[in-house]
Every structure is written in structure tokens, then in C-alpha cells.
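Each remark here refers to the structure printed beneath this line.
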Amino acid sequence: MVARHIKTAGLVTNTAVNQKVSDIVKSVIGDIRANGDNAVRSYSEKFDKWSPSSFKLIESQIQECISKIPAQTISDIKEAQKNVRTFAEAQRASIKDFEIEIRPGVFLGQRNNPISTAGAYIPGGRYPLLASAHMTILTAKVAGVKHVIACTPPIAGQVPNATVAAAHFAGADEIFLLGGTQAIAAMAIGTESIKKVDFIAGPGNPFVAEAKRQLFGEIGIDLLAGPTEVLIVADGHADPFTVATDLLSQAEHGPDSPPILITTSEQVGQQTIKFVDQILIDMPTAELAGTSWRDYGEVVIVDSLDEAYELADGYSSEHVQILTQNPRDALEKMKNYGSLFLGEKTCVSYGDKCIGTNHVLPTRKAGRYTGGLWVGKYLKTQTYQEIVDEKASGEIGRLCARCSRAENFEGHARSGDLRAHKYLQDAHSWIDEAQV
């Protein structure tokens, strides 16, 4: 396969942890661990200029936020959440508990139990990503999580009313106006006013991602998300204007969001570059989108769609959009991606905001080994076993003893010996000696 670039990235994506960010995050976590709410308030004042009497919103404050939102926005939030809920419920229904009898009297089973308490981080900052409330809170609730805490930062000193509404409609049990490392640390560690959670989900800036990384193990996390990524596979039938529009729709997330086109048509590639330049002229988010396109954008020409799919699998991009005559071929041809968007009638922005699949997806090639956030992330698949037949217990005891001694685990072996002794009358000198 010979791939040829007609546009190359000006910079190489840096996947290394920024040491300065790591040190700041470590310091904040340590301070919150030692000083609780006082430290949380200090960092909220420092980073967000935000220090209300209470970070937690009471019901009257939530209702006040909702009252300030246009009726159409409320309707749209609820419709998007209906889609997310429907898909999440289908995911939950696909996960089954079971029990099997592997031999007479020996039962093995599996239960899928929800996490007890989860934290949902809903980013603010550059954009109020209220859709993240649907993806994190609502998905947790469908999974059966009893208590969900939502944290979202103020935006320029103001309450993000639509985000608060989305969190409330999604089913958050508590909503805190708190952002950044201090929010992640407070939920993971627990403070005087914020309950410790078992699991945290949601995207965020590099400080949020690093806080999740450092706290993983103490709590569970969904994944470590980097900058948004989009990759489009296009054949000669694709509309270059659509390709350009959809590349820029993701490039606007930030200055380091790589937009990549792999196409079998040089004409489509060249025209896409031309349209990107034209669209950027009056695009309100051109500064961000244009920077990503300049520094990380790529257009790659290949000889066939098979080569395109193979190359795309190597990128393992977060969002992969298929603009070909037979887009469903990608379901069989590709294995590494966060989510697939098949055909021109579908676009990545639908997944980001409202279609119903989850927008918290793996980046930086993590699609090689994991999928994105889904109902299953909030479930613990737990096994159990029971033997009700004496003969079966004794026979497995014999097997256990032999397997254990092969590994020099004498204590393990003796648990097996004891069952063989009790139920099959096997003689073991260590039992006789110990019971004298």
C-alpha cells in the first residue's frame, strides 16, 4: 500500500503527559486530600473566580436555571435525552445474568451489578458541553446507579443554565457548580460537603484528564480522553463540500483536534482542501478550527477503499465517518475506532449532540483496545459459584489440590484436601496430625 499525502500535518500530536500539568494536578489533589472543602474553595477561587456560599445547587436554584432557558432548548434537551436513554436501555437489555450447571451439582453464575455512586463531569470553559450530561448521568441511571453527582464549572463567572437543566433532566441526584481538577479530586476523595464516588466519567481539559489518570485505582474512570479526533474515509462519489464541512465541525473543538481525510480520489482531496479554506473565511470558530486544520490536518490519497480502511484502522481515530457508495462495508473492514458514522445522511455532530450513541469515546489510538462510555462501564460483572453435591465437591477438591501443589500453594491444596476428606473419605496425614 502506497499512501500519498497532499496535505500533511504541520505538527506531530503529543501524547506524552505534560509534566507541568501533572505537577499542578498532583499538588491540588494532595491539598484537597489534606484540607477538604477549604482547599476546594481555594482552587475554585483561583482558577474559576468562583466562591459561592455553597457549590451545591438546591432545588430552587435548579428550577431558577430551568426558568431562564428557552422552551425550545428544554424541548431539544429532552428529545436528545430520549434518544440517549433508548439506546442505553437497549445496551442494558443486551447484558445478561446467567447461571450454568457445568457438571452435576456444580453451579457457576454471573451477575451484573451497578456501581453504587458515580460522578459525572460536564465540561464548561470554552463551550458549555451540556450534551455530556446526557451521556454520563443518564447512562449511569439506566445502568442502575443509585446516586449520581454532577459537577460542572461556571462559565466566565456565570451559572451555565442549560447545563444545569440537562443534568437535572438526566437524573442527577446532586449538582455542584465546580470545575477542573478540584471537582475531580473532590468527587474521588470526598470532602465535608461532597460525597466520595466510586467511578467518574466525562470529558474535560488536560487538567481534568490528568486528575482522572492520577486518581485511577482509588476510583474507576471511563477512559483517558485527549483532544477530539475525526477521520473521514471518502471515495470518488463523496461531496467535497460535505467532507470539508464535517472535518471542520470537529476541528473547532480546540487547536489540537486532528481532522484527517483518507480518499481514493485526488479530486475529492484537492477540492476538500479548497472548500476548507473557503469555509474558514467567515466561520465563527475559525481561529480554533483553522489552527487544528493547519497544524494537524491531513489529506491522504490511496489506491483503493481496502487500503483506506486499513490505513484508517492504523489511525484508530475517535470518530470515523464513511462517505462512500457502500458505507456499511466499513462495519466488516474496520476494527479500530471510537464510533462509526455511516453515509452522508449521518455525521459526527449527530453523535456529539443528539442521535443517542455516547459521545465519550477513546482517543489517541485507544480504540485499539477499548470502546467508549456505555451502560456496561457502570456495571460490575461479578461471578459466583455453588456446589450442592458432595461427590462433586470432593472430586473438585482432588483436582484443586493437584493444581495447587503444581504451583507450590500448599494452603490452597489443603482446602481441596479437606473437601475430598469430608465427602469422599480421602485420607490425608496433615488432617490427622492437625486434629490430634
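Residue names in the C-alpha cells use chain letters A, B, ... in the order shown, residue numbers from 1 in each chain, and ligand numbers from 1 in the order shown.
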6 Å contact set for stretch 175-181 of chain A, only C-alpha atoms, chain neighbours under 3 positions out, as a PyMOL selection string | chain A and resi 55-57+150-153+184-185+207-208+211
Could you save those same residues with N, CA, C and O atoms as a PDB file, in the first residue's frame?
ATOM      1  N   PHE A  55     -21.324  25.275  46.861  1.00  0.00           N
ATOM      2  CA  PHE A  55     -21.160  24.843  45.469  1.00  0.00           C
ATOM      3  C   PHE A  55     -22.338  23.992  45.007  1.00  0.00           C
ATOM      4  O   PHE A  55     -22.623  23.896  43.810  1.00  0.00           O
ATOM      5  N   LYS A  56     -23.021  23.373  45.948  1.00  0.00           N
ATOM      6  CA  LYS A  56     -24.160  22.530  45.608  1.00  0.00           C
ATOM      7  C   LYS A  56     -25.394  23.382  45.336  1.00  0.00           C
ATOM      8  O   LYS A  56     -25.718  24.295  46.098  1.00  0.00           O
ATOM      9  N   LEU A  57     -26.094  23.079  44.251  1.00  0.00           N
ATOM     10  CA  LEU A  57     -27.324  23.782  43.921  1.00  0.00           C
ATOM     11  C   LEU A  57     -28.499  23.122  44.622  1.00  0.00           C
ATOM     12  O   LEU A  57     -28.645  21.892  44.586  1.00  0.00           O
ATOM     13  N   ALA A 150     -23.178  15.308  39.847  1.00  0.00           N
ATOM     14  CA  ALA A 150     -22.730  16.024  38.659  1.00  0.00           C
ATOM     15  C   ALA A 150     -21.941  17.256  39.064  1.00  0.00           C
ATOM     16  O   ALA A 150     -22.348  17.997  39.964  1.00  0.00           O
ATOM     17  N   CYS A 151     -20.804  17.460  38.404  1.00  0.00           N
ATOM     18  CA  CYS A 151     -20.009  18.675  38.592  1.00  0.00           C
ATOM     19  C   CYS A 151     -19.836  19.358  37.250  1.00  0.00           C
ATOM     20  O   CYS A 151     -19.463  18.719  36.261  1.00  0.00           O
ATOM     21  N   THR A 152     -20.082  20.663  37.214  1.00  0.00           N
ATOM     22  CA  THR A 152     -19.853  21.448  36.006  1.00  0.00           C
ATOM     23  C   THR A 152     -19.360  22.826  36.428  1.00  0.00           C
ATOM     24  O   THR A 152     -19.818  23.370  37.440  1.00  0.00           O
ATOM     25  N   PRO A 153     -18.402  23.390  35.722  1.00  0.00           N
ATOM     26  CA  PRO A 153     -17.842  24.669  36.152  1.00  0.00           C
ATOM     27  C   PRO A 153     -18.728  25.857  35.755  1.00  0.00           C
ATOM     28  O   PRO A 153     -19.511  25.768  34.799  1.00  0.00           O
ATOM     29  N   ILE A 184     -12.798  16.970  40.176  1.00  0.00           N
ATOM     30  CA  ILE A 184     -12.462  15.551  40.071  1.00  0.00           C
ATOM     31  C   ILE A 184     -11.908  15.035  41.401  1.00  0.00           C
ATOM     32  O   ILE A 184     -12.311  13.963  41.891  1.00  0.00           O
ATOM     33  N   ALA A 185     -11.018  15.800  42.013  1.00  0.00           N
ATOM     34  CA  ALA A 185     -10.426  15.371  43.282  1.00  0.00           C
ATOM     35  C   ALA A 185     -11.465  15.301  44.387  1.00  0.00           C
ATOM     36  O   ALA A 185     -11.474  14.364  45.198  1.00  0.00           O
ATOM     37  N   PHE A 207      -6.138  19.152  32.431  1.00  0.00           N
ATOM     38  CA  PHE A 207      -6.053  19.051  33.886  1.00  0.00           C
ATOM     39  C   PHE A 207      -7.061  18.030  34.410  1.00  0.00           C
ATOM     40  O   PHE A 207      -6.755  17.258  35.331  1.00  0.00           O
ATOM     41  N   VAL A 208      -8.255  18.034  33.832  1.00  0.00           N
ATOM     42  CA  VAL A 208      -9.272  17.047  34.218  1.00  0.00           C
ATOM     43  C   VAL A 208      -8.804  15.641  33.859  1.00  0.00           C
ATOM     44  O   VAL A 208      -8.901  14.705  34.667  1.00  0.00           O
ATOM     45  N   ALA A 211      -6.077  14.559  36.223  1.00  0.00           N
ATOM     46  CA  ALA A 211      -6.613  14.243  37.550  1.00  0.00           C
ATOM     47  C   ALA A 211      -7.231  12.846  37.549  1.00  0.00           C
ATOM     48  O   ALA A 211      -7.038  12.060  38.495  1.00  0.00           O
TER      49      ALA A 211
END
Backbone DSSP call of strand (DSSP E) for stretch 238-320 of chain A, listed as a PDB file with all heavy atoms, in the first residue's frame:
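In the end it all went to states.pdb:
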ATOM      1  N   PRO A 259      -8.062  16.755  12.133  1.00  0.00           N
ATOM      2  CA  PRO A 259      -9.046  16.360  11.116  1.00  0.00           C
ATOM      3  C   PRO A 259      -8.327  15.698   9.935  1.00  0.00           C
ATOM      4  O   PRO A 259      -7.440  16.290   9.326  1.00  0.00           O
ATOM      5  CB  PRO A 259      -9.658  17.706  10.705  1.00  0.00           C
ATOM      6  CG  PRO A 259      -8.583  18.725  10.979  1.00  0.00           C
ATOM      7  CD  PRO A 259      -7.565  18.115  11.896  1.00  0.00           C
ATOM      8  N   ILE A 260      -8.704  14.479   9.620  1.00  0.00           N
ATOM      9  CA  ILE A 260      -7.969  13.683   8.636  1.00  0.00           C
ATOM     10  C   ILE A 260      -8.919  13.157   7.565  1.00  0.00           C
ATOM     11  O   ILE A 260     -10.014  12.652   7.881  1.00  0.00           O
ATOM     12  CB  ILE A 260      -7.242  12.514   9.323  1.00  0.00           C
ATOM     13  CG1 ILE A 260      -6.206  13.059  10.318  1.00  0.00           C
ATOM     14  CG2 ILE A 260      -6.571  11.592   8.304  1.00  0.00           C
ATOM     15  CD1 ILE A 260      -5.689  12.037  11.295  1.00  0.00           C
ATOM     16  N   LEU A 261      -8.513  13.260   6.322  1.00  0.00           N
ATOM     17  CA  LEU A 261      -9.250  12.693   5.193  1.00  0.00           C
ATOM     18  C   LEU A 261      -8.387  11.642   4.511  1.00  0.00           C
ATOM     19  O   LEU A 261      -7.237  11.914   4.158  1.00  0.00           O
ATOM     20  CB  LEU A 261      -9.634  13.785   4.190  1.00  0.00           C
ATOM     21  CG  LEU A 261     -10.173  13.298   2.830  1.00  0.00           C
ATOM     22  CD1 LEU A 261     -11.470  12.510   3.000  1.00  0.00           C
ATOM     23  CD2 LEU A 261     -10.368  14.479   1.878  1.00  0.00           C
ATOM     24  N   ILE A 262      -8.950  10.461   4.329  1.00  0.00           N
ATOM     25  CA  ILE A 262      -8.329   9.420   3.510  1.00  0.00           C
ATOM     26  C   ILE A 262      -9.287   9.161   2.348  1.00  0.00           C
ATOM     27  O   ILE A 262     -10.455   8.817   2.574  1.00  0.00           O
ATOM     28  CB  ILE A 262      -8.099   8.126   4.308  1.00  0.00           C
ATOM     29  CG1 ILE A 262      -7.206   8.387   5.526  1.00  0.00           C
ATOM     30  CG2 ILE A 262      -7.485   7.051   3.418  1.00  0.00           C
ATOM     31  CD1 ILE A 262      -7.063   7.176   6.451  1.00  0.00           C
ATOM     32  N   THR A 263      -8.816   9.336   1.144  1.00  0.00           N
ATOM     33  CA  THR A 263      -9.705   9.210  -0.015  1.00  0.00           C
ATOM     34  C   THR A 263      -9.020   8.501  -1.177  1.00  0.00           C
ATOM     35  O   THR A 263      -7.791   8.557  -1.324  1.00  0.00           O
ATOM     36  CB  THR A 263     -10.213  10.594  -0.468  1.00  0.00           C
ATOM     37  OG1 THR A 263     -11.065  10.432  -1.613  1.00  0.00           O
ATOM     38  CG2 THR A 263      -9.066  11.531  -0.813  1.00  0.00           C
ATOM     39  N   GLU A 298      -4.714  16.422   7.789  1.00  0.00           N
ATOM     40  CA  GLU A 298      -4.059  15.597   6.767  1.00  0.00           C
ATOM     41  C   GLU A 298      -5.062  15.233   5.679  1.00  0.00           C
ATOM     42  O   GLU A 298      -6.250  15.023   5.959  1.00  0.00           O
ATOM     43  CB  GLU A 298      -3.519  14.296   7.374  1.00  0.00           C
ATOM     44  CG  GLU A 298      -2.466  14.462   8.455  1.00  0.00           C
ATOM     45  CD  GLU A 298      -2.019  13.119   9.007  1.00  0.00           C
ATOM     46  OE1 GLU A 298      -1.783  12.191   8.196  1.00  0.00           O
ATOM     47  OE2 GLU A 298      -1.928  12.994  10.239  1.00  0.00           O
ATOM     48  N   VAL A 299      -4.573  15.149   4.444  1.00  0.00           N
ATOM     49  CA  VAL A 299      -5.340  14.585   3.336  1.00  0.00           C
ATOM     50  C   VAL A 299      -4.446  13.553   2.673  1.00  0.00           C
ATOM     51  O   VAL A 299      -3.341  13.866   2.221  1.00  0.00           O
ATOM     52  CB  VAL A 299      -5.773  15.659   2.315  1.00  0.00           C
ATOM     53  CG1 VAL A 299      -6.528  15.012   1.158  1.00  0.00           C
ATOM     54  CG2 VAL A 299      -6.645  16.720   3.007  1.00  0.00           C
ATOM     55  N   VAL A 300      -4.937  12.312   2.653  1.00  0.00           N
ATOM     56  CA  VAL A 300      -4.133  11.182   2.184  1.00  0.00           C
ATOM     57  C   VAL A 300      -4.851  10.515   1.013  1.00  0.00           C
ATOM     58  O   VAL A 300      -6.055  10.209   1.102  1.00  0.00           O
ATOM     59  CB  VAL A 300      -3.908  10.153   3.306  1.00  0.00           C
ATOM     60  CG1 VAL A 300      -2.904   9.097   2.859  1.00  0.00           C
ATOM     61  CG2 VAL A 300      -3.444  10.833   4.587  1.00  0.00           C
ATOM     62  N   ILE A 301      -4.115  10.269  -0.064  1.00  0.00           N
ATOM     63  CA  ILE A 301      -4.659   9.602  -1.234  1.00  0.00           C
ATOM     64  C   ILE A 301      -4.193   8.152  -1.244  1.00  0.00           C
ATOM     65  O   ILE A 301      -2.990   7.876  -1.087  1.00  0.00           O
ATOM     66  CB  ILE A 301      -4.218  10.291  -2.548  1.00  0.00           C
ATOM     67  CG1 ILE A 301      -4.447  11.808  -2.478  1.00  0.00           C
ATOM     68  CG2 ILE A 301      -4.944   9.683  -3.743  1.00  0.00           C
ATOM     69  CD1 ILE A 301      -5.881  12.227  -2.251  1.00  0.00           C
ATOM     70  N   HIS A 319     -13.599   9.480  16.027  1.00  0.00           N
ATOM     71  CA  HIS A 319     -14.772   9.490  15.146  1.00  0.00           C
ATOM     72  C   HIS A 319     -14.328   9.134  13.733  1.00  0.00           C
ATOM     73  O   HIS A 319     -13.423   9.777  13.193  1.00  0.00           O
ATOM     74  CB  HIS A 319     -15.420  10.874  15.092  1.00  0.00           C
ATOM     75  CG  HIS A 319     -15.750  11.461  16.429  1.00  0.00           C
ATOM     76  ND1 HIS A 319     -14.961  12.429  17.045  1.00  0.00           N
ATOM     77  CD2 HIS A 319     -16.790  11.235  17.274  1.00  0.00           C
ATOM     78  CE1 HIS A 319     -15.506  12.768  18.198  1.00  0.00           C
ATOM     79  NE2 HIS A 319     -16.616  12.062  18.374  1.00  0.00           N
ATOM     80  N   VAL A 320     -14.962   8.148  13.137  1.00  0.00           N
ATOM     81  CA  VAL A 320     -14.651   7.778  11.764  1.00  0.00           C
ATOM     82  C   VAL A 320     -15.927   7.869  10.943  1.00  0.00           C
ATOM     83  O   VAL A 320     -16.908   7.172  11.214  1.00  0.00           O
ATOM     84  CB  VAL A 320     -14.042   6.365  11.674  1.00  0.00           C
ATOM     85  CG1 VAL A 320     -13.812   5.981  10.206  1.00  0.00           C
ATOM     86  CG2 VAL A 320     -12.731   6.297  12.447  1.00  0.00           C
TER      87      VAL A 320
END
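Taking atom CA of A:Glu433 and atom CA of A:Glu410 as endpoints, the distance between them is 15.6 Å.
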Would you mind listing what lies within 6 Å of A:Gly109 as a PyMOL selection string, with only C-alpha atoms counted and same-chain residues fewer than 3 positions away left out?
-> chain A and resi 98-99+383-384
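When only C-alpha atoms are used to measure the gap to A:Ala201, the shortest distance among A:Thr73, A:Ser53, A:Thr117, A:Gln435 belongs to A:Thr117.
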Compile the contact shell of A:Ser316 as a tab-separated table (two decimals) with N, CA, C and O atoms, in the first residue's frame: residues with an atom at most 12 Å away, counting only C-alpha atoms, same-chain residues fewer than 5 positions apart removed.
chain	number	residue	atom	x	y	z
A	229	GLU	N	-10.91	13.89	17.80
A	229	GLU	CA	-10.34	13.43	16.53
A	229	GLU	C	-11.45	13.11	15.54
A	229	GLU	O	-12.49	12.56	15.93
A	230	VAL	N	-11.22	13.40	14.28
A	230	VAL	CA	-12.15	12.96	13.23
A	230	VAL	C	-11.34	12.47	12.04
A	230	VAL	O	-10.32	13.06	11.67
A	231	LEU	N	-11.79	11.37	11.47
A	231	LEU	CA	-11.19	10.82	10.26
A	231	LEU	C	-12.32	10.46	9.30
A	231	LEU	O	-13.28	9.79	9.70
A	232	ILE	N	-12.21	10.93	8.07
A	232	ILE	CA	-13.21	10.63	7.06
A	232	ILE	C	-12.59	9.74	5.98
A	232	ILE	O	-11.51	10.04	5.47
A	260	ILE	N	-8.70	14.48	9.62
A	260	ILE	CA	-7.97	13.68	8.64
A	260	ILE	C	-8.92	13.16	7.57
A	260	ILE	O	-10.01	12.65	7.88
A	309	TYR	N	-9.39	1.67	4.39
A	309	TYR	CA	-9.84	1.10	5.66
A	309	TYR	C	-8.67	0.60	6.49
A	309	TYR	O	-8.65	0.76	7.72
A	310	GLU	N	-7.69	-0.01	5.84
A	310	GLU	CA	-6.52	-0.48	6.57
A	310	GLU	C	-5.74	0.68	7.19
A	310	GLU	O	-5.32	0.62	8.35
A	311	LEU	N	-5.58	1.74	6.42
A	311	LEU	CA	-4.88	2.91	6.94
A	311	LEU	C	-5.67	3.56	8.07
A	311	LEU	O	-5.10	3.96	9.10
A	334	MET	N	-13.36	-2.50	9.20
A	334	MET	CA	-12.65	-1.76	10.24
A	334	MET	C	-12.91	-2.33	11.63
A	334	MET	O	-14.01	-2.80	11.93
A	335	LYS	N	-11.90	-2.24	12.48
A	335	LYS	CA	-11.99	-2.74	13.86
A	335	LYS	C	-11.55	-1.71	14.89
A	335	LYS	O	-11.90	-1.83	16.06
A	336	ASN	N	-10.78	-0.71	14.48
A	336	ASN	CA	-10.20	0.24	15.44
A	336	ASN	C	-10.79	1.63	15.25
A	336	ASN	O	-10.44	2.34	14.30
A	337	TYR	N	-11.65	2.04	16.16
A	337	TYR	CA	-12.27	3.37	16.10
A	337	TYR	C	-13.08	3.57	17.38
A	337	TYR	O	-13.34	2.62	18.13
A	338	GLY	N	-13.47	4.83	17.62
A	338	GLY	CA	-14.37	5.10	18.74
A	338	GLY	C	-15.81	4.85	18.34
A	338	GLY	O	-16.54	4.10	19.00
A	339	SER	N	-16.23	5.48	17.24
A	339	SER	CA	-17.58	5.27	16.72
A	339	SER	C	-17.57	5.51	15.22
A	339	SER	O	-16.83	6.36	14.73
A	340	LEU	N	-18.40	4.74	14.50
A	340	LEU	CA	-18.51	4.88	13.04
A	340	LEU	C	-19.77	5.66	12.68
A	340	LEU	O	-20.83	5.46	13.28
A	361	LEU	N	-15.70	8.97	23.97
A	361	LEU	CA	-15.09	7.95	23.13
A	361	LEU	C	-13.57	7.93	23.28
A	361	LEU	O	-12.96	8.93	23.67
A	362	PRO	N	-12.94	6.80	22.94
A	362	PRO	CA	-11.48	6.70	23.07
A	362	PRO	C	-10.75	7.54	22.02
A	362	PRO	O	-11.18	7.63	20.87
A	363	THR	N	-9.66	8.15	22.43
A	363	THR	CA	-8.81	8.96	21.55
A	363	THR	C	-7.38	8.42	21.62
A	363	THR	O	-7.09	7.48	22.36
A	364	ARG	N	-6.49	9.04	20.83
A	364	ARG	CA	-5.06	8.70	20.88
A	364	ARG	C	-4.81	7.20	20.72
A	364	ARG	O	-4.06	6.59	21.46
A	365	LYS	N	-5.52	6.62	19.77
A	365	LYS	CA	-5.37	5.21	19.39
A	365	LYS	C	-5.89	4.23	20.43
A	365	LYS	O	-5.68	3.01	20.31
A	366	ALA	N	-6.59	4.70	21.46
A	366	ALA	CA	-7.12	3.79	22.47
A	366	ALA	C	-8.23	2.90	21.91
A	366	ALA	O	-8.58	1.88	22.51
A	367	GLY	N	-8.78	3.26	20.74
A	367	GLY	CA	-9.78	2.42	20.09
A	367	GLY	C	-9.23	1.07	19.69
A	367	GLY	O	-10.00	0.17	19.30
A	368	ARG	N	-7.93	0.87	19.79
A	368	ARG	CA	-7.34	-0.45	19.53
A	368	ARG	C	-7.69	-1.44	20.64
A	368	ARG	O	-7.67	-2.66	20.41
A	369	TYR	N	-8.00	-0.95	21.84
A	369	TYR	CA	-8.23	-1.87	22.95
A	369	TYR	C	-9.47	-1.58	23.79
A	369	TYR	O	-9.79	-2.35	24.70
A	370	THR	N	-10.19	-0.51	23.49
A	370	THR	CA	-11.40	-0.22	24.26
A	370	THR	C	-12.41	0.51	23.42
A	370	THR	O	-12.07	1.17	22.43
A	371	GLY	N	-13.66	0.40	23.81
A	371	GLY	CA	-14.71	1.22	23.24
A	371	GLY	C	-14.94	2.43	24.13
A	371	GLY	O	-14.17	2.72	25.05
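The smallest atom-to-atom distance between A:Ile200 and any of A:Val21, A:Ala120, A:Val84, A:Leu288, using only C-alpha atoms, is found for A:Ala120.
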A:Ala188 surroundings by only C-alpha atoms, 8 Å radius, close-in-sequence under 2 positions cut, as a VMD selection string | chain A and resid 184 to 186 190 196 to 200 215 218 to 219
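Considering the residues A:Asn205, A:Thr136, A:Ser415, A:Gln382 and counting only C-alpha atoms, A:Cys400 has its shortest atom-to-atom contact with A:Ser415.
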Can you pull out every residue within 12 Å of A:Glu252, counting only C-alpha atoms, but drop anything in the same chain fewer than 5 positions away, and send it as a PyMOL selection string?
-> chain A and resi 126-127+227-230+245-247+257-259+280+283-293+349
Go ahead and write the residues just picked, C-alpha atoms, as a PDB file, in the first residue's frame.
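Written file, part_12.pdb:
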ATOM      1  CA  ARG A 126     -14.641  27.149  26.013  1.00  0.00           C
ATOM      2  CA  TYR A 127     -18.034  25.530  25.350  1.00  0.00           C
ATOM      3  CA  PRO A 227      -8.289  16.107  22.011  1.00  0.00           C
ATOM      4  CA  THR A 228     -11.218  15.362  19.700  1.00  0.00           C
ATOM      5  CA  GLU A 229     -10.335  13.433  16.532  1.00  0.00           C
ATOM      6  CA  VAL A 230     -12.145  12.957  13.231  1.00  0.00           C
ATOM      7  CA  THR A 245     -17.781  20.948   6.460  1.00  0.00           C
ATOM      8  CA  ASP A 246     -17.653  17.790   8.543  1.00  0.00           C
ATOM      9  CA  LEU A 247     -13.884  17.955   9.063  1.00  0.00           C
ATOM     10  CA  SER A 257      -8.055  18.379  17.228  1.00  0.00           C
ATOM     11  CA  PRO A 258      -6.744  16.450  14.192  1.00  0.00           C
ATOM     12  CA  PRO A 259      -9.046  16.360  11.116  1.00  0.00           C
ATOM     13  CA  LEU A 280     -12.890  29.149   7.332  1.00  0.00           C
ATOM     14  CA  MET A 283     -16.606  30.581  10.325  1.00  0.00           C
ATOM     15  CA  PRO A 284     -17.142  31.978  13.858  1.00  0.00           C
ATOM     16  CA  THR A 285     -14.819  29.362  15.352  1.00  0.00           C
ATOM     17  CA  ALA A 286     -12.228  29.722  12.571  1.00  0.00           C
ATOM     18  CA  GLU A 287      -9.392  30.536  14.958  1.00  0.00           C
ATOM     19  CA  LEU A 288      -9.639  27.132  16.626  1.00  0.00           C
ATOM     20  CA  ALA A 289     -10.743  25.109  13.621  1.00  0.00           C
ATOM     21  CA  GLY A 290      -8.184  26.743  11.352  1.00  0.00           C
ATOM     22  CA  THR A 291      -5.364  26.104  13.783  1.00  0.00           C
ATOM     23  CA  SER A 292      -6.261  22.416  14.031  1.00  0.00           C
ATOM     24  CA  TRP A 293      -6.516  22.148  10.249  1.00  0.00           C
ATOM     25  CA  SER A 349     -22.081  16.106  15.109  1.00  0.00           C
TER      26      SER A 349
END
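Checking A:Ala162, A:Ile189, A:Val142, A:Leu248 one by one against A:Pro114, counting only C-alpha atoms, you find the shortest gap at A:Val142.
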